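As provided, query_16.pdb (PDB, C-alpha atoms) reads as follows.
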ATOM      1  CA  MET E  20      28.479 -14.128  -8.040  1.00  0.00           C
ATOM      2  CA  GLN E  21      25.786 -15.505 -10.277  1.00  0.00           C
ATOM      3  CA  LYS E  22      22.308 -15.100  -8.832  1.00  0.00           C
ATOM      4  CA  THR E  23      19.167 -16.963  -9.787  1.00  0.00           C
ATOM      5  CA  ILE E  24      16.273 -14.493  -9.854  1.00  0.00           C
ATOM      6  CA  LEU E  25      12.778 -15.710  -8.989  1.00  0.00           C
ATOM      7  CA  MET E  26      10.050 -13.349 -10.149  1.00  0.00           C
ATOM      8  CA  ASP E  27       6.586 -13.221  -8.675  1.00  0.00           C
ATOM      9  CA  VAL E  28       3.962 -12.606 -11.358  1.00  0.00           C
ATOM     10  CA  ASP E  29       0.859 -10.810 -10.090  1.00  0.00           C
ATOM     11  CA  GLY E  30       1.682  -7.415  -8.668  1.00  0.00           C
ATOM     12  CA  VAL E  31       5.232  -7.464 -10.017  1.00  0.00           C
ATOM     13  CA  LEU E  32       5.425  -8.565 -13.649  1.00  0.00           C
ATOM     14  CA  VAL E  33       1.687  -8.537 -14.390  1.00  0.00           C
ATOM     15  CA  THR E  34      -0.331  -5.622 -13.093  1.00  0.00           C
ATOM     16  CA  GLY E  35      -4.053  -5.791 -13.796  1.00  0.00           C
ATOM     17  CA  ARG E  36      -6.017  -4.820 -16.879  1.00  0.00           C
ATOM     18  CA  PRO E  37      -4.124  -4.101 -20.117  1.00  0.00           C
ATOM     19  CA  GLN E  38      -5.925  -0.822 -20.755  1.00  0.00           C
ATOM     20  CA  ASP E  39      -5.408   0.869 -17.377  1.00  0.00           C
ATOM     21  CA  GLY E  40      -3.828  -1.440 -14.794  1.00  0.00           C
ATOM     22  CA  ALA E  41      -7.002  -1.547 -12.717  1.00  0.00           C
ATOM     23  CA  HIS E  42      -8.031  -4.729 -10.891  1.00  0.00           C
ATOM     24  CA  LEU E  43      -9.147  -7.404 -13.314  1.00  0.00           C
ATOM     25  CA  PHE E  44     -12.665  -7.598 -11.851  1.00  0.00           C
ATOM     26  CA  THR E  45     -13.252  -3.821 -11.660  1.00  0.00           C
ATOM     27  CA  ASP E  46     -16.126  -3.973 -14.180  1.00  0.00           C
ATOM     28  CA  LEU E  47     -17.167  -7.582 -13.631  1.00  0.00           C
ATOM     29  CA  GLU E  48     -20.751  -6.764 -12.730  1.00  0.00           C
ATOM     30  CA  VAL E  49     -21.179  -4.343 -15.638  1.00  0.00           C
ATOM     31  CA  ASP E  50     -19.506  -6.623 -18.168  1.00  0.00           C
ATOM     32  CA  LEU E  51     -20.783 -10.055 -17.147  1.00  0.00           C
ATOM     33  CA  GLY E  52     -23.526  -9.392 -14.607  1.00  0.00           C
ATOM     34  CA  ILE E  53     -21.639 -11.144 -11.800  1.00  0.00           C
ATOM     35  CA  SER E  54     -21.350  -9.646  -8.342  1.00  0.00           C
ATOM     36  CA  LEU E  55     -17.721  -9.695  -7.195  1.00  0.00           C
ATOM     37  CA  GLU E  56     -18.798 -10.418  -3.640  1.00  0.00           C
ATOM     38  CA  ALA E  57     -20.892 -13.360  -4.853  1.00  0.00           C
ATOM     39  CA  LEU E  58     -17.888 -14.676  -6.790  1.00  0.00           C
ATOM     40  CA  GLN E  59     -15.648 -14.269  -3.764  1.00  0.00           C
ATOM     41  CA  SER E  60     -18.029 -15.932  -1.322  1.00  0.00           C
ATOM     42  CA  GLY E  61     -19.351 -18.585  -3.685  1.00  0.00           C
ATOM     43  CA  PHE E  62     -16.135 -19.541  -5.447  1.00  0.00           C
ATOM     44  CA  PHE E  63     -12.828 -18.032  -4.366  1.00  0.00           C
ATOM     45  CA  ARG E  64     -13.128 -18.353  -0.602  1.00  0.00           C
ATOM     46  CA  PRO E  65     -14.379 -21.964  -0.536  1.00  0.00           C
ATOM     47  CA  SER E  66     -12.517 -23.365  -3.557  1.00  0.00           C
ATOM     48  CA  TRP E  67      -9.458 -21.357  -4.536  1.00  0.00           C
ATOM     49  CA  SER E  68      -6.978 -22.777  -2.045  1.00  0.00           C
ATOM     50  CA  ALA E  69      -7.536 -26.305  -3.344  1.00  0.00           C
ATOM     51  CA  ILE E  70      -7.429 -25.151  -6.973  1.00  0.00           C
ATOM     52  CA  VAL E  71      -4.255 -23.091  -6.693  1.00  0.00           C
ATOM     53  CA  THR E  72      -2.438 -25.984  -5.037  1.00  0.00           C
ATOM     54  CA  GLY E  73      -3.485 -28.458  -7.714  1.00  0.00           C
ATOM     55  CA  GLN E  74      -5.878 -30.483  -5.577  1.00  0.00           C
ATOM     56  CA  LYS E  75      -8.916 -29.600  -7.696  1.00  0.00           C
ATOM     57  CA  PRO E  76      -9.252 -28.474 -11.344  1.00  0.00           C
ATOM     58  CA  LEU E  77     -10.487 -24.977 -12.100  1.00  0.00           C
ATOM     59  CA  VAL E  78     -13.160 -25.614 -14.724  1.00  0.00           C
ATOM     60  CA  PRO E  79     -15.402 -28.120 -12.891  1.00  0.00           C
ATOM     61  CA  GLU E  80     -15.201 -26.140  -9.645  1.00  0.00           C
ATOM     62  CA  LEU E  81     -16.021 -22.865 -11.356  1.00  0.00           C
ATOM     63  CA  THR E  82     -18.785 -24.468 -13.432  1.00  0.00           C
ATOM     64  CA  GLU E  83     -20.469 -25.741 -10.271  1.00  0.00           C
ATOM     65  CA  ALA E  84     -20.151 -22.398  -8.488  1.00  0.00           C
ATOM     66  CA  LEU E  85     -21.555 -20.448 -11.432  1.00  0.00           C
ATOM     67  CA  LYS E  86     -24.735 -22.535 -11.408  1.00  0.00           C
ATOM     68  CA  THR E  87     -25.653 -20.610  -8.278  1.00  0.00           C
ATOM     69  CA  ILE E  88     -23.735 -17.350  -8.684  1.00  0.00           C
ATOM     70  CA  ALA E  89     -24.415 -16.606 -12.363  1.00  0.00           C
ATOM     71  CA  PRO E  90     -26.146 -19.388 -14.311  1.00  0.00           C
ATOM     72  CA  HIS E  91     -26.133 -17.168 -17.423  1.00  0.00           C
ATOM     73  CA  VAL E  92     -22.305 -17.227 -17.618  1.00  0.00           C
ATOM     74  CA  SER E  93     -20.212 -20.254 -18.602  1.00  0.00           C
ATOM     75  CA  ALA E  94     -16.984 -21.104 -16.840  1.00  0.00           C
ATOM     76  CA  GLN E  95     -15.054 -20.613 -20.089  1.00  0.00           C
ATOM     77  CA  THR E  96     -16.529 -17.148 -20.614  1.00  0.00           C
ATOM     78  CA  LEU E  97     -15.470 -16.082 -17.141  1.00  0.00           C
ATOM     79  CA  ILE E  98     -12.005 -17.642 -17.489  1.00  0.00           C
ATOM     80  CA  ASP E  99     -11.437 -15.882 -20.819  1.00  0.00           C
ATOM     81  CA  TYR E 100     -12.535 -12.577 -19.280  1.00  0.00           C
ATOM     82  CA  TRP E 101     -10.387 -13.155 -16.177  1.00  0.00           C
ATOM     83  CA  PHE E 102      -7.176 -14.046 -17.978  1.00  0.00           C
ATOM     84  CA  LYS E 103      -7.528 -11.276 -20.587  1.00  0.00           C
ATOM     85  CA  ASN E 104      -8.160  -8.687 -17.871  1.00  0.00           C
ATOM     86  CA  ASP E 105      -5.192  -9.790 -15.796  1.00  0.00           C
ATOM     87  CA  SER E 106      -2.493  -9.593 -18.432  1.00  0.00           C
ATOM     88  CA  ARG E 107      -0.847  -6.164 -18.360  1.00  0.00           C
ATOM     89  CA  LEU E 108       2.896  -6.728 -18.527  1.00  0.00           C
ATOM     90  CA  ASP E 109       5.122  -4.213 -16.803  1.00  0.00           C
ATOM     91  CA  THR E 110       7.554  -3.656 -19.647  1.00  0.00           C
ATOM     92  CA  GLN E 111      10.197  -2.117 -17.391  1.00  0.00           C
ATOM     93  CA  VAL E 112      10.223  -5.285 -15.299  1.00  0.00           C
ATOM     94  CA  ARG E 113      10.294  -7.463 -18.409  1.00  0.00           C
ATOM     95  CA  ASP E 114      13.186  -5.475 -19.860  1.00  0.00           C
ATOM     96  CA  ALA E 115      15.124  -5.746 -16.597  1.00  0.00           C
ATOM     97  CA  MET E 116      14.584  -9.510 -16.670  1.00  0.00           C
ATOM     98  CA  ARG E 117      16.018  -9.601 -20.193  1.00  0.00           C
ATOM     99  CA  GLU E 118      19.077  -7.671 -19.042  1.00  0.00           C
ATOM    100  CA  LEU E 119      19.609 -10.039 -16.109  1.00  0.00           C
ATOM    101  CA  ARG E 120      19.468 -13.070 -18.379  1.00  0.00           C
ATOM    102  CA  ALA E 121      21.819 -11.415 -20.869  1.00  0.00           C
ATOM    103  CA  ALA E 122      24.258 -10.891 -17.997  1.00  0.00           C
ATOM    104  CA  GLY E 123      24.153 -14.598 -17.164  1.00  0.00           C
ATOM    105  CA  HIS E 124      21.632 -14.676 -14.336  1.00  0.00           C
ATOM    106  CA  PRO E 125      18.899 -17.327 -14.713  1.00  0.00           C
ATOM    107  CA  VAL E 126      15.397 -15.895 -14.277  1.00  0.00           C
ATOM    108  CA  TYR E 127      12.380 -17.987 -13.302  1.00  0.00           C
ATOM    109  CA  LEU E 128       8.776 -17.219 -12.465  1.00  0.00           C
ATOM    110  CA  ALA E 129       7.804 -18.259  -8.930  1.00  0.00           C
ATOM    111  CA  THR E 130       4.086 -17.788  -8.560  1.00  0.00           C
ATOM    112  CA  ASN E 131       0.855 -18.985  -7.000  1.00  0.00           C
ATOM    113  CA  GLN E 132      -1.161 -20.088 -10.058  1.00  0.00           C
ATOM    114  CA  GLU E 133      -3.465 -22.857 -11.183  1.00  0.00           C
ATOM    115  CA  HIS E 134      -2.621 -24.828 -14.297  1.00  0.00           C
ATOM    116  CA  LEU E 135      -4.619 -22.990 -16.957  1.00  0.00           C
ATOM    117  CA  ARG E 136      -3.385 -19.524 -16.079  1.00  0.00           C
ATOM    118  CA  ALA E 137       0.184 -20.753 -15.720  1.00  0.00           C
ATOM    119  CA  ASN E 138      -0.092 -22.003 -19.290  1.00  0.00           C
ATOM    120  CA  TYR E 139      -1.703 -18.718 -20.366  1.00  0.00           C
ATOM    121  CA  LEU E 140       1.187 -16.759 -18.877  1.00  0.00           C
ATOM    122  CA  MET E 141       3.814 -18.878 -20.567  1.00  0.00           C
ATOM    123  CA  GLU E 142       2.158 -19.382 -23.946  1.00  0.00           C
ATOM    124  CA  THR E 143      -0.406 -16.653 -24.660  1.00  0.00           C
ATOM    125  CA  LEU E 144       1.574 -13.881 -22.949  1.00  0.00           C
ATOM    126  CA  ALA E 145       4.748 -15.487 -24.354  1.00  0.00           C
ATOM    127  CA  LEU E 146       6.605 -15.380 -21.047  1.00  0.00           C
ATOM    128  CA  ALA E 147       8.219 -18.712 -21.895  1.00  0.00           C
ATOM    129  CA  ALA E 148      10.557 -16.737 -24.138  1.00  0.00           C
ATOM    130  CA  GLU E 149      11.447 -14.357 -21.300  1.00  0.00           C
ATOM    131  CA  VAL E 150      12.395 -16.820 -18.537  1.00  0.00           C
ATOM    132  CA  ASP E 151      14.307 -20.008 -17.923  1.00  0.00           C
ATOM    133  CA  GLY E 152      11.268 -21.734 -16.447  1.00  0.00           C
ATOM    134  CA  ILE E 153       8.338 -21.454 -14.066  1.00  0.00           C
ATOM    135  CA  PHE E 154       7.627 -22.713 -10.562  1.00  0.00           C
ATOM    136  CA  TYR E 155       3.944 -22.506  -9.754  1.00  0.00           C
ATOM    137  CA  SER E 156       1.845 -23.706  -6.877  1.00  0.00           C
ATOM    138  CA  ALA E 157      -0.594 -26.040  -8.643  1.00  0.00           C
ATOM    139  CA  ALA E 158       2.296 -28.013 -10.136  1.00  0.00           C
ATOM    140  CA  ILE E 159       4.214 -28.081  -6.846  1.00  0.00           C
ATOM    141  CA  GLY E 160       1.224 -28.851  -4.622  1.00  0.00           C
ATOM    142  CA  HIS E 161       2.068 -26.022  -2.226  1.00  0.00           C
ATOM    143  CA  LYS E 162       1.819 -22.254  -2.490  1.00  0.00           C
ATOM    144  CA  LYS E 163       3.982 -19.450  -1.193  1.00  0.00           C
ATOM    145  CA  PRO E 164       4.638 -18.823   1.681  1.00  0.00           C
ATOM    146  CA  SER E 165       4.588 -22.551   2.486  1.00  0.00           C
ATOM    147  CA  PRO E 166       8.126 -23.829   3.224  1.00  0.00           C
ATOM    148  CA  GLU E 167       7.444 -26.743   0.863  1.00  0.00           C
ATOM    149  CA  PHE E 168       7.241 -24.342  -2.081  1.00  0.00           C
ATOM    150  CA  TYR E 169      10.718 -22.993  -1.407  1.00  0.00           C
ATOM    151  CA  ALA E 170      12.148 -26.434  -0.706  1.00  0.00           C
ATOM    152  CA  HIS E 171      10.812 -27.687  -4.038  1.00  0.00           C
ATOM    153  CA  VAL E 172      12.557 -24.858  -5.883  1.00  0.00           C
ATOM    154  CA  ASP E 173      15.821 -25.606  -4.083  1.00  0.00           C
ATOM    155  CA  ARG E 174      15.656 -29.227  -5.152  1.00  0.00           C
ATOM    156  CA  ALA E 175      14.728 -28.377  -8.739  1.00  0.00           C
ATOM    157  CA  LEU E 176      17.543 -25.867  -9.120  1.00  0.00           C
ATOM    158  CA  ALA E 177      20.062 -27.903  -7.118  1.00  0.00           C
ATOM    159  CA  SER E 178      21.404 -24.603  -5.881  1.00  0.00           C
ATOM    160  CA  LYS E 179      22.267 -23.142  -2.512  1.00  0.00           C
ATOM    161  CA  GLY E 180      19.781 -20.746  -1.006  1.00  0.00           C
ATOM    162  CA  ASP E 181      22.212 -17.857  -0.853  1.00  0.00           C
ATOM    163  CA  SER E 182      22.377 -17.774  -4.655  1.00  0.00           C
ATOM    164  CA  ILE E 183      18.606 -17.243  -5.003  1.00  0.00           C
ATOM    165  CA  VAL E 184      16.787 -13.911  -4.962  1.00  0.00           C
ATOM    166  CA  LEU E 185      12.971 -13.760  -4.784  1.00  0.00           C
ATOM    167  CA  ILE E 186      11.215 -10.565  -5.903  1.00  0.00           C
ATOM    168  CA  ASP E 187       7.646 -10.564  -4.552  1.00  0.00           C
ATOM    169  CA  ASP E 188       5.025  -7.977  -3.613  1.00  0.00           C
ATOM    170  CA  THR E 189       3.591 -10.053  -0.742  1.00  0.00           C
ATOM    171  CA  GLU E 190       5.482  -9.488   2.485  1.00  0.00           C
ATOM    172  CA  ALA E 191       4.677 -12.929   3.914  1.00  0.00           C
ATOM    173  CA  ASN E 192       6.268 -14.579   0.868  1.00  0.00           C
ATOM    174  CA  VAL E 193       9.369 -12.415   1.244  1.00  0.00           C
ATOM    175  CA  LEU E 194       9.745 -13.170   4.952  1.00  0.00           C
ATOM    176  CA  ALA E 195       9.301 -16.897   4.328  1.00  0.00           C
ATOM    177  CA  ALA E 196      11.953 -16.807   1.595  1.00  0.00           C
ATOM    178  CA  ARG E 197      14.408 -15.094   3.925  1.00  0.00           C
ATOM    179  CA  ALA E 198      13.650 -17.607   6.669  1.00  0.00           C
ATOM    180  CA  HIS E 199      14.414 -20.338   4.128  1.00  0.00           C
ATOM    181  CA  GLY E 200      17.838 -18.837   3.484  1.00  0.00           C
ATOM    182  CA  TRP E 201      17.159 -16.951   0.269  1.00  0.00           C
ATOM    183  CA  SER E 202      17.610 -13.283  -0.422  1.00  0.00           C
ATOM    184  CA  ALA E 203      14.298 -11.575  -1.054  1.00  0.00           C
ATOM    185  CA  ILE E 204      13.035  -8.160  -2.100  1.00  0.00           C
ATOM    186  CA  HIS E 205       9.642  -6.850  -1.025  1.00  0.00           C
ATOM    187  CA  TRP E 206       8.427  -5.258  -4.249  1.00  0.00           C
ATOM    188  CA  LEU E 207       6.633  -1.944  -3.837  1.00  0.00           C
ATOM    189  CA  PRO E 208       5.165   0.529  -6.362  1.00  0.00           C
ATOM    190  CA  GLY E 209       7.788   2.704  -7.989  1.00  0.00           C
ATOM    191  CA  MET E 210      10.657   0.282  -7.493  1.00  0.00           C
ATOM    192  CA  THR E 211      13.010  -0.824 -10.263  1.00  0.00           C
ATOM    193  CA  ILE E 212      14.748  -4.168 -10.395  1.00  0.00           C
ATOM    194  CA  PRO E 213      18.303  -2.825 -10.814  1.00  0.00           C
ATOM    195  CA  ALA E 214      17.917  -0.483  -7.835  1.00  0.00           C
ATOM    196  CA  ALA E 215      16.270  -3.208  -5.749  1.00  0.00           C
ATOM    197  CA  LEU E 216      19.002  -5.738  -6.481  1.00  0.00           C
ATOM    198  CA  ALA E 217      21.645  -3.142  -5.636  1.00  0.00           C
ATOM    199  CA  THR E 218      20.356  -3.086  -2.054  1.00  0.00           C
ATOM    200  CA  LEU E 219      21.260  -6.728  -1.454  1.00  0.00           C
TER
END
Would you mind giving the structure from this file in structure tokens?
Amino acid sequence: MQKTILMDVDGVLVTGRPQDGAHLFTDLEVDLGISLEALQSGFFRPSWSAIVTGQKPLVPELTEALKTIAPHVSAQTLIDYWFKNDSRLDTQVRDAMRELRAAGHPVYLATNQEHLRANYLMETLALAAEVDGIFYSAAIGHKKPSPEFYAHVDRALASKGDSIVLIDDTEANVLAARAHGWSAIHWLPGMTIPAALATL
């Protein structure tokens, strides 16, 4: 039976900094003079939910937050640093995706992203050539594990839930997918896609 594979991005296909896989903001304070806690409390906690669901744009929100957090850093400088440092592709995962597509299984990204990074993933990291499309939260208006995210994908693919497999490292997203009628794999370190799919 043909399966449609939905790949989460962060923590599955993309794993931190290119040079070592560490968290993208590991050296934020050293590199840009921004406290991670200040960025979390002054930007991510109050603003990210609205940004990642497409209700607010990233650049104006980040620009405003940086006036207080780090007036010496522009929003574009931080965005460039952020995206570059969160771009390490797991080549084993990418190669498994290629094999799935070659075997006739459509592969899509299904990810919580805002618009600019979704474009960065598809164009700069060239993932558009590796998948059949992308479903992301800012374009949908809902993020995983919201039922509306999964319902949107169903409508877009015009496919029955039992033909869809989500691979995701966040347990809540996996449980919500299963509750929606999909198959889902909770991705953990050391797993491989062929072995994971064989368990279904």
**Prompt:** Evaluating the PyMOL selection byres ((chain E and resi 79) around 12) on the displayed file yields which residues, as a list in words?
**Reply:** Phe62, Ser66, Ile70, Lys75, Pro76, Leu77, Val78, Glu80, Leu81, Thr82, Glu83, Ala84, Leu85, Lys86, Ser93, Ala94, Gln95 and Ile98 of chain E
**Request:** Report as an MDAnalysis selection string the residues that result from applying the PyMOL selection byres ((chain E and resi 205) around 12) to the structure here.
**Result:** chainID E and resid 26:27 30:31 184:197 202:204 206:212 215:216 218:219
Picked residues, the PyMOL selection byres ((chain E and resi 55) around 12), as a PDB file with C-alpha atoms, keeping the file's coordinate frame:
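Output saved as selection_22.pdb:
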ATOM      1  CA  HIS E  42      -8.031  -4.729 -10.891  1.00  0.00           C
ATOM      2  CA  LEU E  43      -9.147  -7.404 -13.314  1.00  0.00           C
ATOM      3  CA  PHE E  44     -12.665  -7.598 -11.851  1.00  0.00           C
ATOM      4  CA  THR E  45     -13.252  -3.821 -11.660  1.00  0.00           C
ATOM      5  CA  ASP E  46     -16.126  -3.973 -14.180  1.00  0.00           C
ATOM      6  CA  LEU E  47     -17.167  -7.582 -13.631  1.00  0.00           C
ATOM      7  CA  GLU E  48     -20.751  -6.764 -12.730  1.00  0.00           C
ATOM      8  CA  VAL E  49     -21.179  -4.343 -15.638  1.00  0.00           C
ATOM      9  CA  ASP E  50     -19.506  -6.623 -18.168  1.00  0.00           C
ATOM     10  CA  LEU E  51     -20.783 -10.055 -17.147  1.00  0.00           C
ATOM     11  CA  GLY E  52     -23.526  -9.392 -14.607  1.00  0.00           C
ATOM     12  CA  ILE E  53     -21.639 -11.144 -11.800  1.00  0.00           C
ATOM     13  CA  SER E  54     -21.350  -9.646  -8.342  1.00  0.00           C
ATOM     14  CA  GLU E  56     -18.798 -10.418  -3.640  1.00  0.00           C
ATOM     15  CA  ALA E  57     -20.892 -13.360  -4.853  1.00  0.00           C
ATOM     16  CA  LEU E  58     -17.888 -14.676  -6.790  1.00  0.00           C
ATOM     17  CA  GLN E  59     -15.648 -14.269  -3.764  1.00  0.00           C
ATOM     18  CA  SER E  60     -18.029 -15.932  -1.322  1.00  0.00           C
ATOM     19  CA  GLY E  61     -19.351 -18.585  -3.685  1.00  0.00           C
ATOM     20  CA  PHE E  62     -16.135 -19.541  -5.447  1.00  0.00           C
ATOM     21  CA  PHE E  63     -12.828 -18.032  -4.366  1.00  0.00           C
ATOM     22  CA  ARG E  64     -13.128 -18.353  -0.602  1.00  0.00           C
ATOM     23  CA  ILE E  88     -23.735 -17.350  -8.684  1.00  0.00           C
ATOM     24  CA  ALA E  89     -24.415 -16.606 -12.363  1.00  0.00           C
TER      25      ALA E  89
END
**Message:** So that I can see what lies close to Glu118 in chain E, please list as a PyMOL selection string the residues with an atom at most 10 Å from it, counting only C-alpha atoms and leaving out residues fewer than 6 positions away in the same chain.
**Reply:** chain E and resi 112+124+213
For those residues, write C-alpha atoms to a file as a compact mmCIF listing (two decimals), in the frame of the given file.
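What landed in result_19.txt:
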# COMPACT_ATOMS: atom_id res chain seq x y z
CA VAL E 112 10.22 -5.28 -15.30
CA HIS E 124 21.63 -14.68 -14.34
CA PRO E 213 18.30 -2.82 -10.81
**Request:** Could you check which of E:Tyr127, E:Trp201, E:Tyr100, E:Tyr169 is closest to Ser156 in chain E, using all atoms listed in the file?
**Result:**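 The shortest atom-to-atom distance to Ser156 in chain E comes from E:Tyr169.
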**Message:** Between CA of Arg36 in chain E and CA of Asn104 in chain E, what is the distance in Å, rounded to a tenth?
**Reply:**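 Rounded to one decimal, the two atoms are 4.5 Å apart.
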Thr23 in chain E surroundings by all atoms listed in the file, 12 Å radius, close-in-sequence under 4 positions cut, as a compact mmCIF listing (two decimals) with C-alpha atoms, in the frame of the given file:
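This went into result_14.txt:
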# COMPACT_ATOMS: atom_id res chain seq x y z
CA MET E 116 14.58 -9.51 -16.67
CA LEU E 119 19.61 -10.04 -16.11
CA ARG E 120 19.47 -13.07 -18.38
CA ALA E 122 24.26 -10.89 -18.00
CA GLY E 123 24.15 -14.60 -17.16
CA HIS E 124 21.63 -14.68 -14.34
CA PRO E 125 18.90 -17.33 -14.71
CA VAL E 126 15.40 -15.90 -14.28
CA TYR E 127 12.38 -17.99 -13.30
CA LEU E 128 8.78 -17.22 -12.46
CA ALA E 129 7.80 -18.26 -8.93
CA VAL E 150 12.40 -16.82 -18.54
CA ASP E 151 14.31 -20.01 -17.92
CA GLY E 152 11.27 -21.73 -16.45
CA VAL E 172 12.56 -24.86 -5.88
CA ASP E 173 15.82 -25.61 -4.08
CA LEU E 176 17.54 -25.87 -9.12
CA ALA E 177 20.06 -27.90 -7.12
CA SER E 178 21.40 -24.60 -5.88
CA LYS E 179 22.27 -23.14 -2.51
CA GLY E 180 19.78 -20.75 -1.01
CA ASP E 181 22.21 -17.86 -0.85
CA SER E 182 22.38 -17.77 -4.66
CA ILE E 183 18.61 -17.24 -5.00
CA VAL E 184 16.79 -13.91 -4.96
CA LEU E 185 12.97 -13.76 -4.78
CA ILE E 186 11.22 -10.56 -5.90
CA TRP E 201 17.16 -16.95 0.27
CA SER E 202 17.61 -13.28 -0.42
CA ALA E 203 14.30 -11.58 -1.05
CA LEU E 216 19.00 -5.74 -6.48
**Message:** If I take CA of Ser165 in chain E and CA of Ala137 in chain E, how far is one from the other in Å, to one decimal?
**Reply:**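 CA of Ala137 in chain E lies 18.8 Å from CA of Ser165 in chain E.
Comparing the minimum interatomic distances between His161 in chain E and each of E:Thr72, E:Ala148, E:Ala41, E:Asp114, counting all atoms listed in the file, we find that E:Thr72 sits nearest.
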